[in-house]
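Chemist: Here it is, the structure, as structure tokens.
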2 protein chains.
Amino acid sequence: MPARTISDEQLTQELLGLFRAGGFDGVSLTDLQEATGLKRSSLYHRFPGGKLEMAVSVLDAVEGQLREHVLSLAKDEAPLVDRIEAIGRELSAFYDAGRLACLLDSMTLGVPAADIAARTKATAVALVETFTRLSVEAGQGQADAEMTAVDALAAIEGALVVSRLMGDRSAFKRAIDSLPTRLGVS
Amino acid sequence: MPARTISDEQLTQELLGLFRAGGFDGVSLTDLQEATGLKRSSLYHRFPGGKLEMAVSVLDAVEGQLREHVLSLAKDEAPLVDRIEAIGRELSAFYDAGRLACLLDSMTLGVPAADIAARTKATAVALVETFTRLSVEAGQGQADAEMTAVDALAAIEGALVVSRLMGDRSAFKRAIDSLPTRLGVS
DNA sequence: GTCTATACGACGATAGAC
DNA sequence: GTCTATCGTCGTATAGAC
């Protein structure tokens with residue numbers, strides 16, 4: 001079995017970079033082969049389902065990374081504020097302080113394939129559930145906690161859009177920095 | 001001069017519907033001719049610059065509508081809260097209570113053409129400037145007003161993304177309803 | 001596992017009849 | 001002003017050699 005010239009992890013990261021910036025329709029197989037250094041047919045060897053399978057694979061990888069490296073922080077032993085701030089730092093790193101678009105936004109334009117709609121929704125729900133738990137822990141009632149959780153996610157997503165539109169990253173920083181307050185930590 | 005089978009206004013509205021939902025790359029000329037009832041070549045007769053000119057034309061029309069029907073409300077004679085609420089109602093109508101995506105988001109994915117980047121930015125700036133003026137009028141200092149204005153726009157944009165992701169329109173309603181408070185009206 | 005070569009449809013765009 | 005017909009390119013996807 002000949003060695004792979006690029007690892008699955010690296011491959012997924014390159015695909016992620018393109019899909020998050022351009023969306024599903026905005027990225028061509030030519031773009032993908034240039035970014036990965038693999039020819040079309042090699043990409044099809046790795047992803048027999050073609051471009052759709054590549055996109056789904058990226059979404060799965062992102063949800064996995066998110067759960068493992070970000071949302072898991074919510075269950076640490078540290079004080080509540082510290083955990084929320086740690087999550088904020090991880091999110092800021094994932095979006096390169098607001099310079100990178102959100103995959104959930106770019107992949108849901110147009111009429112997304114069912115696989116894509118289901119996975120983007122699941123990832124959004126995972127984020128909201130974590131924020132909700134933190135907010136409940138901060139003392140909010142369940143209903144209020146769910147609302148503030150959704151609004152916190154919206155603040156981040158919106159800040160990323162505005163950052164792209166106006167080239168001003170300060171809104172993203174505020175969305176991250178305000179996370180503890182938003183979730184109800186005095 | 002033979003009569004036009006579809007008015008410029010109707011034509012632009014159909015193009016807007018497609019571009020806001022699918023973004024520039026996500027919409028094909030075939031989509032456009034089906035939505036407008038005009039054949040490719042007729043679309044090119046109206047927009048010699050092709051798809052890019054159609055997109056730019058839509059962006060210009062939206063900025064015009066926004067200035068005329070929404071932002072103009074900021075200069076009415078009514079009390080400040082009433083004017084902000086009126087703007088909220090117009091924005092809610094424009095986005096069909098959160099069911100429709102924002103053109104500024106969908107058109108800036110990928111590497112947008114220079115014309116598109118310039119116009120989306122100009123429209124975003126127009127919104128922020130109006131929000132800023134209202135916030136200053138509410139008693140905030142200039143720097144604070146600019147921040148809250150950007151955050152208010154981000155809240156709306158983010159709520160639209162979340163609405164699309166999770167199918168929950170309540171976040172959009174909250175973003176609109178909280179507009180007066182956000183802009184500093186007690 | 002990766003490559004070259006190719007199939008074939010959809011893409012944006014244009015020419016010319018009416 | 002709208003149409004039919006067509007161009008050349010790029011899209012996704014596949015076959016088969018190495």
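Order determines the names: the first chain of the structure tokens is A, the second B, and so forth; residues in each chain are numbered 1 upward, and ligands are numbered 1 upward as they are shown.
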I'd like the contact shell of Glu90 (chain A) - 10 Å cut-off, only C-alpha atoms (C1' of nucleotides), skipping same-chain residues fewer than 5 positions apart - returned as a PyMOL selection string.
Modeler: chain A and resi 66+69-71+73+84-85+95-97+176
Chemist: Please produce a file of those selected residues containing C-alpha atoms, as a PDB file, in the first residue's frame.
Modeler:
ATOM      1  CA  LEU A  66     -15.348  21.559  18.121  1.00  0.00           C
ATOM      2  CA  HIS A  69     -11.208  21.020  21.762  1.00  0.00           C
ATOM      3  CA  VAL A  70     -13.845  23.641  22.516  1.00  0.00           C
ATOM      4  CA  LEU A  71     -17.065  22.337  23.984  1.00  0.00           C
ATOM      5  CA  LEU A  73     -13.813  22.824  28.066  1.00  0.00           C
ATOM      6  CA  ILE A  84     -16.242  30.377  29.255  1.00  0.00           C
ATOM      7  CA  GLU A  85     -13.183  32.509  28.610  1.00  0.00           C
ATOM      8  CA  TYR A  95     -11.867  31.957  13.358  1.00  0.00           C
ATOM      9  CA  ASP A  96      -8.405  33.563  13.385  1.00  0.00           C
ATOM     10  CA  ALA A  97      -9.730  36.494  15.402  1.00  0.00           C
ATOM     11  CA  ILE A 176     -16.017  36.843  22.190  1.00  0.00           C
TER      12      ILE A 176
END
Chemist: At most 12 Å is the cut-off: for each residue in chain A with any atom that close to an atom of chain C, write down the nearest atom pair and the distance in Å rounded to one decimal, counting only C-alpha atoms (C1' of nucleotides), chain first then increasing number, as CSV.
Modeler:
residue,atom,partner,partner_atom,distance
A:Met1,CA,C:DG1,C1',7.5
A:Pro2,CA,C:DG1,C1',5.8
A:Ala3,CA,C:DG1,C1',7.1
A:Arg4,CA,C:DG1,C1',6.5
A:Thr5,CA,C:DG1,C1',8.4
A:Ile6,CA,C:DG1,C1',10.6
A:Ser7,CA,C:DG1,C1',12.0
A:Gly37,CA,C:DT2,C1',10.7
A:Leu38,CA,C:DT2,C1',7.9
A:Lys39,CA,C:DC3,C1',7.6
A:Arg40,CA,C:DC3,C1',9.7
A:Ser41,CA,C:DT2,C1',8.0
A:Ser42,CA,C:DT2,C1',5.9
A:Leu43,CA,C:DT2,C1',9.5
A:Tyr44,CA,C:DT2,C1',10.9
A:His45,CA,C:DG1,C1',7.9
A:Arg46,CA,C:DG1,C1',9.1
Chemist: What parts of region 16-174 of chain B does DSSP call alpha helix (DSSP H)? I'd like the answer as a PyMOL selection string.
Modeler: chain B and resi 16-22+29-36+40-46+50-65+80-94+103-106+114-137+142-166+170-174
Chemist: Can you write out the residues you just picked, keeping C-alpha atoms, as an mmCIF file, in the first residue's frame?
Modeler:
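Printed below is again.cif as written:
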data_model
loop_
_atom_site.group_PDB
_atom_site.id
_atom_site.type_symbol
_atom_site.label_atom_id
_atom_site.label_comp_id
_atom_site.auth_asym_id
_atom_site.auth_seq_id
_atom_site.Cartn_x
_atom_site.Cartn_y
_atom_site.Cartn_z
ATOM 1 C CA LEU B 16 -32.616 39.829 -5.736
ATOM 2 C CA GLY B 17 -34.574 36.811 -4.564
ATOM 3 C CA LEU B 18 -32.150 34.432 -6.197
ATOM 4 C CA PHE B 19 -28.906 36.203 -5.331
ATOM 5 C CA ARG B 20 -29.766 36.709 -1.667
ATOM 6 C CA ALA B 21 -30.611 33.017 -1.307
ATOM 7 C CA GLY B 22 -27.777 31.507 -3.308
ATOM 8 C CA LEU B 29 -28.085 32.037 -15.743
ATOM 9 C CA THR B 30 -30.465 29.123 -16.125
ATOM 10 C CA ASP B 31 -31.888 29.882 -12.669
ATOM 11 C CA LEU B 32 -32.160 33.523 -13.616
ATOM 12 C CA GLN B 33 -33.979 32.933 -16.867
ATOM 13 C CA GLU B 34 -36.436 30.584 -15.195
ATOM 14 C CA ALA B 35 -37.185 33.069 -12.439
ATOM 15 C CA THR B 36 -37.584 36.045 -14.743
ATOM 16 C CA ARG B 40 -30.405 34.327 -21.634
ATOM 17 C CA SER B 41 -29.989 36.693 -24.529
ATOM 18 C CA SER B 42 -32.767 38.949 -23.285
ATOM 19 C CA LEU B 43 -31.078 39.171 -19.920
ATOM 20 C CA TYR B 44 -27.883 40.154 -21.726
ATOM 21 C CA HIS B 45 -29.819 42.795 -23.619
ATOM 22 C CA ARG B 46 -30.872 44.327 -20.313
ATOM 23 C CA GLY B 50 -23.706 39.777 -17.855
ATOM 24 C CA LYS B 51 -24.142 38.154 -14.482
ATOM 25 C CA LEU B 52 -21.814 40.577 -12.726
ATOM 26 C CA GLU B 53 -23.816 43.556 -13.931
ATOM 27 C CA MET B 54 -27.013 41.858 -12.764
ATOM 28 C CA ALA B 55 -25.533 41.394 -9.308
ATOM 29 C CA VAL B 56 -24.252 44.955 -9.127
ATOM 30 C CA SER B 57 -27.598 46.241 -10.302
ATOM 31 C CA VAL B 58 -29.343 44.312 -7.540
ATOM 32 C CA LEU B 59 -26.945 45.648 -4.923
ATOM 33 C CA ASP B 60 -27.494 49.215 -6.111
ATOM 34 C CA ALA B 61 -31.253 48.740 -6.071
ATOM 35 C CA VAL B 62 -31.147 47.342 -2.547
ATOM 36 C CA GLU B 63 -29.039 50.199 -1.269
ATOM 37 C CA GLY B 64 -31.455 52.633 -2.891
ATOM 38 C CA GLN B 65 -34.501 50.938 -1.363
ATOM 39 C CA LEU B 80 -36.589 58.653 18.727
ATOM 40 C CA VAL B 81 -38.002 55.336 19.940
ATOM 41 C CA ASP B 82 -40.781 55.438 17.390
ATOM 42 C CA ARG B 83 -38.325 56.028 14.569
ATOM 43 C CA ILE B 84 -36.101 53.148 15.636
ATOM 44 C CA GLU B 85 -39.097 50.868 15.948
ATOM 45 C CA ALA B 86 -40.288 51.911 12.507
ATOM 46 C CA ILE B 87 -36.874 51.034 11.085
ATOM 47 C CA GLY B 88 -37.108 47.684 12.850
ATOM 48 C CA ARG B 89 -40.470 46.981 11.251
ATOM 49 C CA GLU B 90 -39.137 47.821 7.794
ATOM 50 C CA LEU B 91 -36.086 45.611 8.297
ATOM 51 C CA SER B 92 -38.271 42.785 9.528
ATOM 52 C CA ALA B 93 -40.420 43.115 6.414
ATOM 53 C CA PHE B 94 -37.346 43.182 4.160
ATOM 54 C CA LEU B 103 -27.662 39.823 0.370
ATOM 55 C CA LEU B 104 -24.616 41.354 2.058
ATOM 56 C CA ASP B 105 -23.771 37.987 3.561
ATOM 57 C CA SER B 106 -24.422 35.790 0.556
ATOM 58 C CA ALA B 114 -14.253 44.449 -6.653
ATOM 59 C CA ASP B 115 -17.578 46.031 -7.636
ATOM 60 C CA ILE B 116 -19.454 43.709 -5.311
ATOM 61 C CA ALA B 117 -17.095 44.165 -2.386
ATOM 62 C CA ALA B 118 -17.295 47.941 -2.712
ATOM 63 C CA ARG B 119 -21.101 48.036 -2.864
ATOM 64 C CA THR B 120 -21.740 45.582 -0.049
ATOM 65 C CA LYS B 121 -19.352 47.551 2.129
ATOM 66 C CA ALA B 122 -21.016 50.837 1.230
ATOM 67 C CA THR B 123 -24.430 49.474 2.155
ATOM 68 C CA ALA B 124 -23.177 48.111 5.454
ATOM 69 C CA VAL B 125 -21.563 51.460 6.213
ATOM 70 C CA ALA B 126 -24.795 53.276 5.418
ATOM 71 C CA LEU B 127 -26.643 51.107 7.921
ATOM 72 C CA VAL B 128 -23.998 51.583 10.583
ATOM 73 C CA GLU B 129 -23.917 55.335 10.059
ATOM 74 C CA THR B 130 -27.656 55.613 10.515
ATOM 75 C CA PHE B 131 -27.584 53.443 13.630
ATOM 76 C CA THR B 132 -24.704 55.539 14.942
ATOM 77 C CA ARG B 133 -26.582 58.798 14.451
ATOM 78 C CA LEU B 134 -29.605 57.399 16.266
ATOM 79 C CA SER B 135 -27.440 56.197 19.100
ATOM 80 C CA VAL B 136 -25.735 59.560 19.452
ATOM 81 C CA GLU B 137 -29.163 61.157 19.496
ATOM 82 C CA GLN B 142 -19.595 59.043 19.372
ATOM 83 C CA ALA B 143 -17.213 56.127 20.024
ATOM 84 C CA ASP B 144 -19.763 54.126 22.014
ATOM 85 C CA ALA B 145 -22.427 54.878 19.447
ATOM 86 C CA GLU B 146 -20.275 53.516 16.624
ATOM 87 C CA MET B 147 -19.615 50.327 18.560
ATOM 88 C CA THR B 148 -23.230 49.711 19.433
ATOM 89 C CA ALA B 149 -24.231 50.455 15.846
ATOM 90 C CA VAL B 150 -21.864 47.839 14.477
ATOM 91 C CA ASP B 151 -23.018 45.380 17.131
ATOM 92 C CA ALA B 152 -26.651 46.014 16.256
ATOM 93 C CA LEU B 153 -25.957 45.219 12.618
ATOM 94 C CA ALA B 154 -24.026 42.113 13.655
ATOM 95 C CA ALA B 155 -26.939 41.000 15.831
ATOM 96 C CA ILE B 156 -29.279 41.174 12.850
ATOM 97 C CA GLU B 157 -26.870 39.444 10.467
ATOM 98 C CA GLY B 158 -26.120 36.740 13.000
ATOM 99 C CA ALA B 159 -29.768 36.166 13.741
ATOM 100 C CA LEU B 160 -30.399 35.624 10.036
ATOM 101 C CA VAL B 161 -27.627 33.031 9.884
ATOM 102 C CA VAL B 162 -28.910 31.254 12.989
ATOM 103 C CA SER B 163 -32.436 31.373 11.653
ATOM 104 C CA ARG B 164 -31.276 29.617 8.489
ATOM 105 C CA LEU B 165 -29.203 27.112 10.448
ATOM 106 C CA MET B 166 -31.721 26.104 13.079
ATOM 107 C CA SER B 170 -37.247 33.983 17.371
ATOM 108 C CA ALA B 171 -33.629 35.162 17.448
ATOM 109 C CA PHE B 172 -34.341 37.485 14.563
ATOM 110 C CA LYS B 173 -37.377 38.911 16.331
ATOM 111 C CA ARG B 174 -35.256 39.552 19.404
#
Chemist: Write out as a Markdown table a residue-level contact list of chain D versus chain B with cut-off 9 Å: for each qualifying residue the closest pair of atoms and the distance in Å to one decimal, counting only C-alpha atoms (C1' of nucleotides), rows sorted by chain and residue number upward.
Modeler:
| residue | atom | partner | partner_atom | distance |
| --- | --- | --- | --- | --- |
| D:DG1 | C1' | B:Pro2 | CA | 5.8 |
| D:DT2 | C1' | B:Ser42 | CA | 5.9 |
| D:DC3 | C1' | B:Lys39 | CA | 7.6 |
Chemist: Could you check the closest approach to chain B for each of A:Gly49, A:Gly110, A:Gly167, A:Pro180 and tell me which residue wins, using only C-alpha atoms?
Modeler: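 Selected residue with least distance to chain B: A:Gly110.
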Chemist: Nearest residue to chain B out of A:Ala113, A:Leu183, A:Ala138, A:Ala175, using only C-alpha atoms?
Modeler: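 Of all the options, A:Ala175 lies closest to chain B.
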